[in-house]
Protein chains: 2
Amino acid sequence: MTSSRPLLHTFLDAMSDLLGDRFSTAHAVREHHGRDESLYDPVLPDAVAYAHSVDEISAILGLCHAHRVPVIPYGSGSSLEGHLLAVHGGISLDVSAMVQVVSFQPEDMSITVQPGITRKALNDYLRASGLFFPIDPGADASIGGMCATRASGTNAVRYGTMRENVLGLTAVLIDGQVLHTGSRAKKSSAGYDLTRLLIGSEGTLGVISEVTLKLHPQPEAISAAVCSFGSVQSAVQTVIETIQMGIPVARAELVDALAIQALNRHFKLALHESPTLFLEFHGNAASVAEQAETVQGLADGNGGTGFQWATQQEERNRLWSARHNALFAFLQLKPGCRALSTDVCVPLSKLAECVVGAEADLRQSYLPAPIFGHVGDGNFHVCLLLDPDNPEELVEAERLNHAIVQRALQAGGTCTGEHGVGLHKIDFLVQEHGQVAIDTMRAIKQALDPHGLMNPGKIFRRLDSSQTFGNA
Amino acid sequence: MTSSRPLLHTFLDAMSDLLGDRFSTAHAVREHHGRDESLYDPVLPDAVAYAHSVDEISAILGLCHAHRVPVIPYGSGSSLEGHLLAVHGGISLDVSAMVQVVSFQPEDMSITVQPGITRKALNDYLRASGLFFPIDPGADASIGGMCATRASGTNAVRYGTMRENVLGLTAVLIDGQVLHTGSRAKKSSAGYDLTRLLIGSEGTLGVISEVTLKLHPQPEAISAAVCSFGSVQSAVQTVIETIQMGIPVARAELVDALAIQALNRHFKLALHESPTLFLEFHGNAASVAEQAETVQGLADGNGGTGFQWATQQEERNRLWSARHNALFAFLQLKPGCRALSTDVCVPLSKLAECVVGAEADLRQSYLPAPIFGHVGDGNFHVCLLLDPDNPEELVEAERLNHAIVQRALQAGGTCTGEHGVGLHKIDFLVQEHGQVAIDTMRAIKQALDPHGLMNPGKIFRRLDSSQTFGNA
């Protein structure tokens, strides 16, 4: 399955000299680093290195380069697509201890952080400043990992994704050279956009070692609501009309009837068990009130009922905590199950037909699968619940995933809105972009990492391998 | 100066066979294509090819590749940095006749266009749809060219730049292969961000031949204003406070006292000749009114006076047409002059000190130089007016440009906010990003264009050349 060679003593000794007890070949440590939140069985790295600085990352990569040892950057371990599995061996480079704020420029609404800081820790740091960082994937992911997968979340409809919210970054290349991209200016036309090239590169081009983020003012007023609909179409139609009117909705999340059922059971709620929108509006008092009123009107026009509003933080938290912790509720629908989450994103005009199509697929299947998603962006997840010890259920889940992705690609969409490609969507990527695009990506990979050492086997298979991972 | 070889008859014949009279070696045609809006003397291409389709672009590049002939993509000719000069010979590939709308998806607020369509023609097409495309560089540039230079303009503070407003594109690589990037979905984590790599690549990686743009709803209400200040600092401070409060100002343009003087003279206006902000707010009636009121309060606190408001389209057009046509007014300040425009962009907190520093530099100089800019983004232009026939004045202008760029780089900013690098900022680019970044860009260039045929000598010098252009 892997083409890795055992690590040489010269390499092991040099790494130990560099890092002392922060370099480990202990099985438990490797086991922890050879897995993520995907359904793949762990594939252990040969060793784990814990870096504390850009200089250490550079020294580690220099050694890996000299000894031709693959490197897998590791942040919080919350990837969903097998990004962290050592399918070609090598070391896991753990930056989770690099959690410092390097510099904070409140007047510029920007901050430079180390890659291991998580989004929640960052927002804790920012709380008193009047600023916040809006990107919120489901997990409390590290900022470096969120860059690597081009993460987004519930606020992306208003604030954009990691693509729009990174001003610049520092990355260490495989030969140990330290690359600085971007600047602290809001925009620039100065050469190739290396920042955007690294965002979404999934650790295959370099190790993200510092990130300068764009921050946003904490909204003066926030209003949140839930609203039930007779069908997924009418819920989605409400969101489409909201976006088309230019209403700067901050969050627009769809949760289907089965998902609401799971939330009701797990969180002891009494929501109407039908397709539901969770909405949030940010702004000043007047604009929030006007946005909310307008959207309520649109929802009424689409048969929305049972509007519940929350403007106080406590009520909002109650309303949203169920949505944010939905996965735990879903897992209770089937004891002992694990989840395979689809991640397609489609043009808004195709969203209703894609969700309805997925619903139809699911009606033909025995797997329970709540649907939820960031419908303001056209992104939705089908949470396929399966028994990890039953190979047939995995096959069935992959069959459904395949059907949902095919429909999204037909609709001009993408196989992944926010989770990345990893091991799981390698073939979908070829189908989505075509061979010329894949060859172009590979040419860039080859130019920056000629020996194929940076997280090999992710996004595309290593050229010289008989890698068996991937969705083929 | 150039390392070009004469074109071979086999190439000329093949091109004529392909394009008929749309392939020309006439001097007048070459002369028209060997220049742009920069101060550089023209450097003529050896021939000009007019393409009408993606297939033709592909065929043309295939021939250029086979015969090792450089190619310079040509849109509207409005570049400011020497992008179009044939410093290594080769052909100019004119796509200005490719002005079709390929497909329009109003419900998705997206449109796919050919690269030659200009921003004004696009907005004429969109007028009745309720949608618009906000990116507005000074010139009526082509969409392909705006992608190539990562253009922005006055609306970028609210709507972003070309970086944020392109969903995907088609580009033809030097060997004639057709590359499709992105999708019609609003976001994606599917592999390397080739869209963003091509945006800002200045024709050096491929020929942009189709673009899918993100559109925005025409605002329900618009309000515009001008306001005078006692100093550049207090005007800039007003904008900083506006942004920090999260007010979604649509335009925030600074025009200095000399620039106002020029506008008054040329357009027969009676604006107070002091640093002035031109502001615009987009939204619904309530939010526009509230934004305007808040910003007026901030301006008052910074000593702003003489607020003039315009909410009707006619008044707004009168107010803004002077700003939009400022360059014509500036050129009247010095008969027979031409303009060298700086383009630095800095973090907002450094903007006042950078503008004040530029003012101090200019007070020591004999060149008249109005200052204006997109201060909501930290981007400003010093319009250095010089006699093109007087080499000393060019040296003086470059000296001032150099000082202004150095101050911007010291402040953590960029040498170019929206014009691009072209020939003029090659050395500034190295200083801004460092050699590792330049080497990384070159490695990508080499991977995608191994013979250095795509717009060679722009962004960085061609490795094998003794090119004398650039700001060294």
# chains A, B, ... in the order shown; residues from 1 in each chain; ligands from 1

$ select_by_dssp --residues "segment 228-400 of chain A" --states "helix (DSSP H, G or I)" --output "VMD selection string"
chain A and resid 232 to 244 257 to 267 285 to 301 313 to 324 326 to 331 348 to 363 375 to 377 391 to 400

$ atom_distance --atom1 "atom CA of Glu220 of chain A" --atom2 "atom CA of Ile247 of chain B"
10.5 Å

$ residues_around --residues "segment 312-317 of chain A" --least-positions-apart "6" --cutoff "8 Å" --atoms "only C-alpha atoms" --output "MDAnalysis selection string"
chainID A and resid 222:224

$ closest_residue --among "A:Ala262, A:Leu271, A:Val226, A:Ala171" --to "Ile57 of chain A" --atoms "only C-alpha atoms"
A:Ala171

$ atom_distance --atom1 "atom CA of Glu107 of chain B" --atom2 "atom CA of Gly357 of chain A"
19.6 Å

$ residues_around --residues "Ala148 of chain B" --least-positions-apart "4" --cutoff "6 Å" --atoms "only C-alpha atoms" --output "VMD selection string"
chain B and resid 199 to 202

$ residues_around --residues "Leu63 of chain A" --least-positions-apart "6" --cutoff "8 Å" --atoms "only C-alpha atoms" --output "list of chain:residue names"
A:Phe11, A:Ala14, A:Met15

$ closest_residue --among "B:Ala185, B:Leu85, B:Val166, B:Ala437" --to "Glu210 of chain B" --atoms "only C-alpha atoms"
B:Val166

$ residues_around --residues "Arg407 of chain B" --least-positions-apart "2" --cutoff "10 Å" --atoms "only C-alpha atoms" --output "list of chain:residue names"
B:Val344, B:Val346, B:Lys350, B:Glu353, B:Cys354, B:Val355, B:Gly357, B:Ala358, B:His402, B:Ala403, B:Ile404, B:Val405, B:Leu409, B:Gln410, B:Ala411, B:Gly412, B:Gly413, B:Thr414, B:Cys415

$ select_by_dssp --residues "segment 344-466 of chain A" --states "strand (DSSP E or B)" --output "list in words"
Cys345, Ile371, Phe372, Gly373, His374, Asn379, Phe380, His381, Val382, Cys383, Leu384, Leu385, Leu386, Thr414 and Met454 of chain A

$ atom_distance --atom1 "atom CA of Ile143 of chain B" --atom2 "atom CA of Ala66 of chain B"
28.5 Å

$ residues_around --residues "Asp175 of chain A" --least-positions-apart "3" --cutoff "12 Å" --atoms "only C-alpha atoms" --output "NGL selection string"
(:A and (57-71 or 171-172 or 178-179 or 205-207 or 448-454)) or (:B and (436))

$ closest_residue --among "B:Tyr74, B:Phe23, B:Phe307, B:Phe132" --to "chain A" --atoms "only C-alpha atoms"
B:Phe132

$ closest_residue --among "B:Gln237, B:Ser228, B:Gln244, B:Asn123" --to "His216 of chain B" --atoms "only C-alpha atoms"
B:Asn123

$ closest_residue --among "B:Ala259, B:Leu394, B:Ala121, B:Ile243" --to "Val157 of chain B" --atoms "only C-alpha atoms"
B:Ile243
